>>> print(open('query_37.cif').read())   # mmCIF, C-alpha atoms
data_entry
#
loop_
_atom_site.label_atom_id
_atom_site.label_comp_id
_atom_site.auth_asym_id
_atom_site.auth_seq_id
_atom_site.Cartn_x
_atom_site.Cartn_y
_atom_site.Cartn_z
CA MET M 24 0.00 0.00 0.00
CA THR M 25 1.37 3.39 -1.03
CA ILE M 26 1.27 6.04 1.70
CA SER M 27 1.60 9.79 1.14
CA ASN M 28 2.00 12.55 3.69
CA GLY M 29 -0.57 14.59 1.79
CA ASN M 30 1.71 17.60 1.54
CA THR M 31 0.99 19.44 -1.70
CA ASN M 32 3.39 22.35 -1.27
CA THR M 33 5.84 23.02 -4.08
CA SER M 34 9.53 22.36 -3.46
CA ALA M 35 12.81 22.78 -5.29
CA ILE M 36 14.59 19.53 -6.12
CA ALA M 37 17.70 19.71 -8.29
CA ASN M 38 16.79 23.35 -9.06
CA VAL M 39 13.44 22.34 -10.55
CA GLU M 40 10.15 23.27 -8.92
CA VAL M 41 8.03 20.16 -8.45
CA LYS M 42 4.60 19.41 -7.08
CA LYS M 43 4.60 15.64 -7.40
CA PRO M 44 5.38 13.67 -4.24
CA PHE M 45 8.90 12.28 -4.16
CA LYS M 46 8.71 8.52 -4.62
CA ILE M 47 10.25 6.38 -1.89
CA PHE M 48 10.34 2.59 -2.14
CA VAL M 49 11.05 0.71 1.07
CA GLY M 50 12.21 -2.90 1.16
CA TYR M 51 9.62 -5.04 2.93
CA ASP M 52 10.03 -8.38 4.67
CA PRO M 53 7.15 -9.97 6.63
CA ARG M 54 9.58 -10.76 9.46
CA GLU M 55 10.27 -7.06 9.84
CA ASP M 56 6.87 -5.45 9.40
CA ILE M 57 7.33 -3.25 12.46
CA ALA M 58 10.69 -2.04 11.14
CA TYR M 59 9.00 -0.97 7.88
CA GLN M 60 6.20 0.79 9.76
CA VAL M 61 8.63 2.72 11.96
CA CYS M 62 10.86 3.66 9.02
CA ARG M 63 7.84 4.98 7.11
CA HIS M 64 6.60 6.85 10.17
CA SER M 65 9.98 8.49 10.74
CA ILE M 66 10.07 9.81 7.16
CA LEU M 67 6.48 11.08 7.06
CA LYS M 68 6.78 12.71 10.48
CA ARG M 69 9.76 14.87 9.54
CA SER M 70 9.39 15.52 5.81
CA SER M 71 8.53 19.08 4.79
CA ILE M 72 8.06 18.04 1.16
CA PRO M 73 5.41 15.73 -0.29
CA VAL M 74 6.53 12.11 -0.34
CA GLU M 75 4.90 8.89 -1.50
CA ILE M 76 6.07 5.74 0.26
CA THR M 77 5.55 2.30 -1.26
CA PRO M 78 6.71 -1.01 0.24
CA ILE M 79 8.43 -3.39 -2.18
CA ILE M 80 6.62 -6.64 -1.37
CA GLN M 81 8.09 -9.68 -3.06
CA SER M 82 4.85 -11.71 -3.09
CA ASP M 83 3.06 -8.89 -4.94
CA LEU M 84 5.86 -8.64 -7.48
CA ARG M 85 5.64 -12.40 -8.10
CA LYS M 86 1.88 -12.20 -8.59
CA ASN M 87 2.37 -9.40 -11.11
CA GLY M 88 5.02 -11.30 -13.05
CA LEU M 89 7.81 -8.87 -12.19
CA TYR M 90 9.84 -11.19 -9.99
CA TRP M 91 10.50 -14.90 -10.41
CA ARG M 92 14.04 -15.32 -9.12
CA GLU M 93 14.63 -18.30 -6.81
CA ARG M 94 15.83 -17.31 -3.35
CA ASN M 95 19.28 -18.50 -2.24
CA ASN M 96 20.68 -18.98 1.24
CA LEU M 97 22.70 -15.75 1.18
CA GLU M 98 19.64 -13.51 0.80
CA SER M 99 19.04 -12.15 4.28
CA THR M 100 15.79 -10.40 3.32
CA GLU M 101 13.03 -10.68 0.72
CA PHE M 102 14.23 -7.44 -0.88
CA SER M 103 17.85 -8.44 -1.44
CA PHE M 104 17.26 -8.24 -5.22
CA THR M 105 13.80 -6.70 -5.62
CA ARG M 106 15.31 -3.33 -4.60
CA PHE M 107 16.81 -3.02 -8.07
CA LEU M 108 13.33 -2.84 -9.61
CA THR M 109 13.00 0.69 -8.20
CA PRO M 110 13.53 2.54 -11.54
CA HIS M 111 11.07 0.17 -13.24
CA LEU M 112 8.48 0.67 -10.48
CA ALA M 113 8.95 4.43 -10.88
CA ASN M 114 8.26 4.09 -14.63
CA PHE M 115 11.84 5.18 -15.39
CA ASP M 116 10.79 8.74 -14.65
CA GLY M 117 12.31 11.34 -12.36
CA TRP M 118 14.15 10.61 -9.14
CA ALA M 119 13.13 7.99 -6.58
CA MET M 120 14.73 6.44 -3.54
CA PHE M 121 15.10 2.87 -2.40
CA VAL M 122 15.83 2.25 1.27
CA ASP M 123 16.03 -0.83 3.47
CA CYS M 124 13.30 -1.08 6.10
CA ASP M 125 15.82 -1.06 8.97
CA PHE M 126 16.38 2.71 8.79
CA LEU M 127 15.26 5.39 11.23
CA TYR M 128 15.13 8.91 9.80
CA LEU M 129 16.01 11.74 12.16
CA ALA M 130 16.03 14.70 9.74
CA ASP M 131 13.80 16.38 7.19
CA TYR M 132 13.78 14.35 3.99
CA LYS M 133 14.04 17.58 2.00
CA GLU M 134 17.64 17.90 3.18
CA LEU M 135 18.44 14.66 1.36
CA THR M 136 16.68 15.60 -1.87
CA ASP M 137 18.53 18.92 -1.85
CA LEU M 138 21.71 16.91 -2.51
CA ILE M 139 20.42 15.52 -5.81
CA ASP M 140 22.59 16.17 -8.87
CA ASP M 141 21.15 15.21 -12.26
CA LYS M 142 24.56 14.34 -13.70
CA TYR M 143 24.57 11.08 -11.73
CA ALA M 144 22.68 7.88 -12.50
CA VAL M 145 22.52 7.00 -8.81
CA MET M 146 23.61 8.58 -5.54
CA CYS M 147 24.42 6.80 -2.30
CA VAL M 148 26.77 6.70 0.67
CA HIS M 149 30.13 5.28 -0.39
CA HIS M 150 30.75 3.07 2.63
CA ASP M 151 34.03 1.29 3.30
CA TYR M 152 32.47 -1.38 5.48
CA THR M 153 33.74 -4.80 6.48
CA PRO M 154 31.50 -6.29 9.18
CA LYS M 155 33.11 -8.08 12.10
CA GLU M 156 30.12 -10.34 12.75
CA THR M 157 29.50 -13.59 10.86
CA THR M 158 25.72 -13.38 11.36
CA LYS M 159 23.19 -10.56 11.55
CA MET M 160 19.53 -9.90 12.28
CA ASP M 161 17.94 -13.20 13.36
CA GLY M 162 20.88 -15.42 12.42
CA ALA M 163 21.21 -14.57 8.72
CA VAL M 164 24.65 -15.01 7.18
CA GLN M 165 26.71 -11.80 7.16
CA THR M 166 28.37 -11.51 3.75
CA VAL M 167 31.36 -9.37 2.77
CA TYR M 168 31.79 -7.84 -0.69
CA PRO M 169 32.98 -4.63 -2.38
CA LYS M 170 30.59 -1.66 -2.06
CA LYS M 171 28.76 -3.39 0.80
CA ASN M 172 25.78 -1.36 2.01
CA TRP M 173 25.96 1.05 -0.92
CA SER M 174 22.71 -0.43 -2.25
CA SER M 175 20.90 -0.18 1.10
CA MET M 176 19.85 3.41 0.40
CA VAL M 177 20.02 4.69 -3.16
CA LEU M 178 18.69 7.76 -4.90
CA TYR M 179 17.94 6.63 -8.46
CA ASN M 180 17.86 8.99 -11.41
CA CYS M 181 15.20 6.75 -12.93
CA GLY M 182 15.15 8.43 -16.31
CA HIS M 183 18.92 8.21 -16.75
CA PRO M 184 19.71 6.21 -19.92
CA LYS M 185 22.06 3.83 -18.10
CA ASN M 186 19.36 2.82 -15.62
CA LYS M 187 17.09 1.62 -18.43
CA VAL M 188 19.02 -1.66 -18.21
CA LEU M 189 17.32 -2.48 -14.90
CA THR M 190 14.43 -4.37 -16.44
CA PRO M 191 12.69 -7.24 -14.61
CA GLU M 192 14.62 -9.65 -16.85
CA VAL M 193 17.97 -8.26 -15.73
CA VAL M 194 17.00 -8.05 -12.06
CA ASN M 195 15.85 -11.66 -12.12
CA THR M 196 18.86 -13.10 -13.94
CA GLN M 197 21.95 -11.02 -13.20
CA THR M 198 24.39 -11.90 -10.42
CA GLY M 199 24.44 -10.36 -6.98
CA ALA M 200 27.85 -8.87 -7.77
CA TYR M 201 26.51 -7.16 -10.91
CA LEU M 202 23.60 -5.59 -9.07
CA HIS M 203 24.96 -4.75 -5.61
CA ARG M 204 28.20 -3.38 -7.04
CA PHE M 205 26.36 -1.23 -9.63
CA GLN M 206 28.26 -2.90 -12.45
CA TRP M 207 25.88 -1.50 -15.07
CA LEU M 208 27.46 1.88 -14.26
CA GLU M 209 30.89 3.48 -14.32
CA ASP M 210 32.21 4.79 -11.00
CA GLU M 211 31.76 8.38 -12.17
CA ASP M 212 28.02 7.69 -12.57
CA ILE M 213 27.68 7.05 -8.82
CA GLY M 214 27.31 10.25 -6.81
CA SER M 215 28.28 10.42 -3.15
CA ILE M 216 26.03 11.30 -0.20
CA PRO M 217 27.36 12.15 3.30
CA PHE M 218 27.54 9.05 5.51
CA VAL M 219 25.17 10.58 8.06
CA TRP M 220 22.29 9.66 5.71
CA ASN M 221 23.20 5.97 6.04
CA PHE M 222 24.79 5.96 9.48
CA LEU M 223 25.75 2.34 10.18
CA GLU M 224 24.93 1.36 13.76
CA GLY M 225 27.96 -0.32 15.30
CA HIS M 226 30.34 1.02 12.63
CA ASN M 227 30.07 4.77 12.07
CA GLU M 228 30.90 7.04 14.99
CA ILE M 229 29.73 10.42 16.25
CA VAL M 230 32.61 12.80 16.90
CA GLN M 231 31.88 14.97 19.91
CA GLY M 232 31.45 18.58 18.91
CA ASP M 233 31.29 17.78 15.18
CA LYS M 234 27.77 18.31 13.84
CA MET M 235 28.81 16.82 10.50
CA THR M 236 28.94 13.38 12.16
CA GLN M 237 25.47 13.52 13.73
CA PRO M 238 23.27 10.85 12.07
CA LYS M 239 20.37 11.99 9.92
CA ALA M 240 19.29 8.41 9.20
CA ILE M 241 20.39 5.45 11.31
CA HIS M 242 20.81 2.11 9.58
CA TYR M 243 20.49 -0.86 11.93
CA THR M 244 22.36 -3.00 9.44
CA ARG M 245 23.46 -5.67 11.95
CA GLY M 246 19.95 -5.99 13.35
CA GLY M 247 17.62 -3.63 15.17
CA PRO M 248 15.82 -3.77 18.53
CA TRP M 249 12.85 -5.54 16.93
CA PHE M 250 15.09 -8.63 17.07
CA ASP M 251 15.73 -10.07 20.55
CA ALA M 252 19.43 -10.49 19.82
CA TRP M 253 19.78 -6.76 19.08
CA LYS M 254 17.40 -5.20 21.61
CA ASN M 255 20.31 -3.42 23.31
CA CYS M 256 22.09 -2.21 20.19
CA GLN M 257 23.34 1.35 19.81
CA PHE M 258 20.49 3.85 19.31
CA ALA M 259 17.93 1.24 20.39
CA ASP M 260 16.24 3.88 22.55
CA LEU M 261 15.64 6.17 19.55
CA TRP M 262 14.01 3.39 17.54
CA LEU M 263 11.90 2.20 20.49
CA ASN M 264 10.65 5.74 21.14
CA GLU M 265 9.69 6.10 17.48
CA ARG M 266 7.95 2.72 17.57
CA ASP M 267 5.94 3.70 20.63
CA GLU M 268 4.93 6.98 18.98
CA TYR M 269 3.85 5.11 15.83
CA LEU M 270 1.83 2.57 17.82
CA GLY M 271 0.20 5.34 19.86
CA LYS M 272 -0.83 7.19 16.71
CA LYS M 273 -2.11 3.96 15.16
CA ARG M 274 -4.33 3.29 18.20
CA LYS M 275 -5.79 6.81 18.00
CA ASP M 276 -6.47 6.44 14.27
#
>>> encode(input="query_37.cif", output="structure tokens")
Amino acid sequence: MTISNGNTNTSAIANVEVKKPFKIFVGYDPREDIAYQVCRHSILKRSSIPVEITPIIQSDLRKNGLYWRERNNLESTEFSFTRFLTPHLANFDGWAMFVDCDFLYLADYKELTDLIDDKYAVMCVHHDYTPKETTKMDGAVQTVYPKKNWSSMVLYNCGHPKNKVLTPEVVNTQTGAYLHRFQWLEDEDIGSIPFVWNFLEGHNEIVQGDKMTQPKAIHYTRGGPWFDAWKNCQFADLWLNERDEYLGKKRKD
């Protein structure tokens, strides 16, 4: 189900005045429904621009003939590969974002869209991340590969000619390396976003007195407090507070 914040104010994105809601696609896994709900809530609550949030639900994509790939043991979530359908789902038009469901947004989404530069095919945080753990979340295998976590939050220039390659056929048949390492692009096609927009819990650090290191979006990439094994992770209190606020609002509605 697509959710919009109902904001119809105009806003400048990439120096172009727009009225359409910015499209955000969030990876959805039935095991992490509450994570998706809290992520969505955190965006809608703080965004000063119109946004339209749609969960990428694998079962729906299969029903619609857009996804038929067999799942392998290294896929920790149902959106490990479906994320790359984002440009297709956005009709290869304009900019759109994909984000994992295990994010908590702490800043106005407009601040992120203000970073958009049309010369890039995609924009993301260029992490240099090698996890220490061998498992994550609820026991899923923790894999290590170049550009790890780059694909966990991506701004896609959906109309860019090089992104036209991301058809359902390619997403269903290409290797994990091809997709997660953005091998359909050259490095100069991949714009950089400050790490605070994909602040890796347990990896990135806040430097006291340096506002440039304060997270704007926390990524509970190892596992968040909705999993028993990670209930005491860093920033668990922020996520739990957001969850309680979401549940309170849901009860009132």
>>> resolve_selection(input="query_37.cif", expression="the PyMOL selection byres ((chain M and resi 100-109) around 10)", output="number ranges by chain")
M: 46-55, 78-82, 84, 89-90, 92, 94, 97-99, 110-115, 119-124, 160, 163, 174-179, 181, 186, 189-191, 193-195, 197-199, 202-203, 205
>>> residues_around(input="query_37.cif", residues="M:Asn28", least_positions_apart="6", cutoff="9 Å", atoms="all atoms listed in the file", output="ChimeraX atom specification")
/M:44,67-68,70,72-76
>>> write_last_selection(input="query_37.cif", atoms="C-alpha atoms", output="compact mmCIF listing (two decimals), in the frame of the given file")
# COMPACT_ATOMS: atom_id res chain seq x y z
CA PRO M 44 5.38 13.67 -4.24
CA LEU M 67 6.48 11.08 7.06
CA LYS M 68 6.78 12.71 10.48
CA SER M 70 9.39 15.52 5.81
CA ILE M 72 8.06 18.04 1.16
CA PRO M 73 5.41 15.73 -0.29
CA VAL M 74 6.53 12.11 -0.34
CA GLU M 75 4.90 8.89 -1.50
CA ILE M 76 6.07 5.74 0.26
>>> residues_around(input="query_37.cif", residues="M:Gln237", least_positions_apart="4", cutoff="9 Å", atoms="only C-alpha atoms", output="compact mmCIF listing (two decimals) with C-alpha atoms, in the coordinates of the input")
# COMPACT_ATOMS: atom_id res chain seq x y z
CA VAL M 219 25.17 10.58 8.06
CA PHE M 222 24.79 5.96 9.48
CA GLU M 228 30.90 7.04 14.99
CA ILE M 229 29.73 10.42 16.25
CA VAL M 230 32.61 12.80 16.90
CA ASP M 233 31.29 17.78 15.18
>>> closest_residue(input="query_37.cif", among="M:Asp276, M:Asp267, M:Glu192, M:Asp140", to="M:Gly214", atoms="only C-alpha atoms")
M:Asp140
>>> resolve_selection(input="query_37.cif", expression="the PyMOL selection byres ((chain M and resi 225) around 8)", output="list of chain:residue names")
M:Leu223, M:Glu224, M:His226, M:Asn227, M:Glu228, M:Arg245, M:Cys256, M:Gln257
>>> decode(input="query_37.cif", residues="stretch 122-156 of chain M", atoms="N, CA, C and O atoms", output="mmCIF file, in the first residue's frame")
data_model
loop_
_atom_site.group_PDB
_atom_site.id
_atom_site.type_symbol
_atom_site.label_atom_id
_atom_site.label_comp_id
_atom_site.auth_asym_id
_atom_site.auth_seq_id
_atom_site.Cartn_x
_atom_site.Cartn_y
_atom_site.Cartn_z
ATOM 1 N N VAL M 122 15.182 2.349 -0.032
ATOM 2 C CA VAL M 122 15.835 2.254 1.268
ATOM 3 C C VAL M 122 15.402 0.962 1.959
ATOM 4 O O VAL M 122 14.253 0.534 1.836
ATOM 5 N N ASP M 123 16.353 0.329 2.652
ATOM 6 C CA ASP M 123 16.027 -0.834 3.471
ATOM 7 C C ASP M 123 15.047 -0.427 4.565
ATOM 8 O O ASP M 123 15.018 0.732 4.997
ATOM 9 N N CYS M 124 14.293 -1.389 5.070
ATOM 10 C CA CYS M 124 13.300 -1.077 6.104
ATOM 11 C C CYS M 124 13.927 -0.822 7.475
ATOM 12 O O CYS M 124 13.265 -0.291 8.367
ATOM 13 N N ASP M 125 15.209 -1.196 7.646
ATOM 14 C CA ASP M 125 15.824 -1.064 8.965
ATOM 15 C C ASP M 125 16.509 0.280 9.168
ATOM 16 O O ASP M 125 17.572 0.380 9.793
ATOM 17 N N PHE M 126 15.895 1.337 8.638
ATOM 18 C CA PHE M 126 16.376 2.708 8.793
ATOM 19 C C PHE M 126 15.447 3.477 9.728
ATOM 20 O O PHE M 126 14.239 3.237 9.765
ATOM 21 N N LEU M 127 16.020 4.432 10.429
ATOM 22 C CA LEU M 127 15.261 5.386 11.233
ATOM 23 C C LEU M 127 15.708 6.777 10.822
ATOM 24 O O LEU M 127 16.881 7.139 10.985
ATOM 25 N N TYR M 128 14.789 7.556 10.258
ATOM 26 C CA TYR M 128 15.131 8.907 9.805
ATOM 27 C C TYR M 128 14.966 9.906 10.935
ATOM 28 O O TYR M 128 13.947 9.920 11.630
ATOM 29 N N LEU M 129 15.973 10.768 11.075
ATOM 30 C CA LEU M 129 16.005 11.744 12.163
ATOM 31 C C LEU M 129 15.987 13.178 11.650
ATOM 32 O O LEU M 129 16.002 14.114 12.448
ATOM 33 N N ALA M 130 15.970 13.359 10.332
ATOM 34 C CA ALA M 130 16.026 14.696 9.740
ATOM 35 C C ALA M 130 14.984 14.832 8.639
ATOM 36 O O ALA M 130 14.414 13.847 8.170
ATOM 37 N N ASP M 131 14.749 16.066 8.252
ATOM 38 C CA ASP M 131 13.802 16.377 7.189
ATOM 39 C C ASP M 131 14.283 15.760 5.877
ATOM 40 O O ASP M 131 15.423 15.997 5.442
ATOM 41 N N TYR M 132 13.411 15.009 5.235
ATOM 42 C CA TYR M 132 13.775 14.345 3.986
ATOM 43 C C TYR M 132 14.187 15.344 2.901
ATOM 44 O O TYR M 132 14.969 15.006 2.015
ATOM 45 N N LYS M 133 13.674 16.560 2.979
ATOM 46 C CA LYS M 133 14.038 17.577 1.996
ATOM 47 C C LYS M 133 15.550 17.806 1.967
ATOM 48 O O LYS M 133 16.129 18.069 0.909
ATOM 49 N N GLU M 134 16.194 17.706 3.122
ATOM 50 C CA GLU M 134 17.641 17.899 3.177
ATOM 51 C C GLU M 134 18.372 16.885 2.299
ATOM 52 O O GLU M 134 19.415 17.197 1.709
ATOM 53 N N LEU M 135 17.829 15.682 2.211
ATOM 54 C CA LEU M 135 18.442 14.656 1.363
ATOM 55 C C LEU M 135 18.197 14.959 -0.108
ATOM 56 O O LEU M 135 19.114 14.875 -0.933
ATOM 57 N N THR M 136 16.971 15.321 -0.461
ATOM 58 C CA THR M 136 16.676 15.602 -1.866
ATOM 59 C C THR M 136 17.422 16.841 -2.357
ATOM 60 O O THR M 136 17.682 16.969 -3.558
ATOM 61 N N ASP M 137 17.764 17.734 -1.449
ATOM 62 C CA ASP M 137 18.533 18.917 -1.853
ATOM 63 C C ASP M 137 19.927 18.556 -2.360
ATOM 64 O O ASP M 137 20.590 19.367 -3.014
ATOM 65 N N LEU M 138 20.385 17.355 -2.078
ATOM 66 C CA LEU M 138 21.710 16.910 -2.514
ATOM 67 C C LEU M 138 21.712 16.342 -3.928
ATOM 68 O O LEU M 138 22.770 16.086 -4.500
ATOM 69 N N ILE M 139 20.539 16.153 -4.496
ATOM 70 C CA ILE M 139 20.423 15.516 -5.813
ATOM 71 C C ILE M 139 21.148 16.307 -6.897
ATOM 72 O O ILE M 139 21.041 17.533 -6.976
ATOM 73 N N ASP M 140 21.888 15.584 -7.726
ATOM 74 C CA ASP M 140 22.591 16.170 -8.866
ATOM 75 C C ASP M 140 22.265 15.331 -10.101
ATOM 76 O O ASP M 140 22.584 14.138 -10.159
ATOM 77 N N ASP M 141 21.633 15.931 -11.081
ATOM 78 C CA ASP M 141 21.147 15.205 -12.256
ATOM 79 C C ASP M 141 22.245 14.574 -13.109
ATOM 80 O O ASP M 141 21.941 13.754 -13.986
ATOM 81 N N LYS M 142 23.505 14.931 -12.871
ATOM 82 C CA LYS M 142 24.564 14.339 -13.697
ATOM 83 C C LYS M 142 24.843 12.885 -13.326
ATOM 84 O O LYS M 142 25.505 12.170 -14.090
ATOM 85 N N TYR M 143 24.328 12.449 -12.177
ATOM 86 C CA TYR M 143 24.568 11.078 -11.729
ATOM 87 C C TYR M 143 23.393 10.161 -12.075
ATOM 88 O O TYR M 143 22.233 10.596 -12.108
ATOM 89 N N ALA M 144 23.716 8.890 -12.286
ATOM 90 C CA ALA M 144 22.677 7.877 -12.498
ATOM 91 C C ALA M 144 22.092 7.417 -11.169
ATOM 92 O O ALA M 144 20.896 7.133 -11.067
ATOM 93 N N VAL M 145 22.949 7.320 -10.169
ATOM 94 C CA VAL M 145 22.518 6.995 -8.808
ATOM 95 C C VAL M 145 23.357 7.807 -7.834
ATOM 96 O O VAL M 145 24.455 8.277 -8.177
ATOM 97 N N MET M 146 22.848 7.947 -6.609
ATOM 98 C CA MET M 146 23.607 8.582 -5.544
ATOM 99 C C MET M 146 23.408 7.765 -4.270
ATOM 100 O O MET M 146 22.294 7.302 -3.993
ATOM 101 N N CYS M 147 24.497 7.581 -3.528
ATOM 102 C CA CYS M 147 24.420 6.797 -2.304
ATOM 103 C C CYS M 147 25.614 7.113 -1.415
ATOM 104 O O CYS M 147 26.536 7.828 -1.828
ATOM 105 N N VAL M 148 25.614 6.572 -0.213
ATOM 106 C CA VAL M 148 26.768 6.704 0.674
ATOM 107 C C VAL M 148 27.818 5.688 0.246
ATOM 108 O O VAL M 148 27.518 4.504 0.089
ATOM 109 N N HIS M 149 29.048 6.146 0.058
ATOM 110 C CA HIS M 149 30.134 5.277 -0.388
ATOM 111 C C HIS M 149 30.844 4.675 0.834
ATOM 112 O O HIS M 149 31.948 5.084 1.199
ATOM 113 N N HIS M 150 30.190 3.693 1.428
ATOM 114 C CA HIS M 150 30.749 3.073 2.632
ATOM 115 C C HIS M 150 31.999 2.252 2.328
ATOM 116 O O HIS M 150 32.116 1.634 1.268
ATOM 117 N N ASP M 151 32.918 2.245 3.286
ATOM 118 C CA ASP M 151 34.026 1.294 3.296
ATOM 119 C C ASP M 151 33.782 0.426 4.525
ATOM 120 O O ASP M 151 34.255 0.714 5.621
ATOM 121 N N TYR M 152 33.018 -0.633 4.346
ATOM 122 C CA TYR M 152 32.472 -1.382 5.476
ATOM 123 C C TYR M 152 32.788 -2.866 5.366
ATOM 124 O O TYR M 152 32.410 -3.519 4.397
ATOM 125 N N THR M 153 33.497 -3.358 6.362
ATOM 126 C CA THR M 153 33.744 -4.796 6.480
ATOM 127 C C THR M 153 33.231 -5.240 7.840
ATOM 128 O O THR M 153 33.841 -4.937 8.870
ATOM 129 N N PRO M 154 32.084 -5.897 7.890
ATOM 130 C CA PRO M 154 31.500 -6.287 9.185
ATOM 131 C C PRO M 154 32.368 -7.291 9.925
ATOM 132 O O PRO M 154 33.027 -8.135 9.319
ATOM 133 N N LYS M 155 32.349 -7.167 11.245
ATOM 134 C CA LYS M 155 33.107 -8.080 12.096
ATOM 135 C C LYS M 155 32.305 -9.345 12.405
ATOM 136 O O LYS M 155 32.867 -10.398 12.660
ATOM 137 N N GLU M 156 30.986 -9.220 12.402
ATOM 138 C CA GLU M 156 30.121 -10.341 12.752
ATOM 139 C C GLU M 156 29.980 -11.318 11.579
ATOM 140 O O GLU M 156 30.090 -10.931 10.413
#
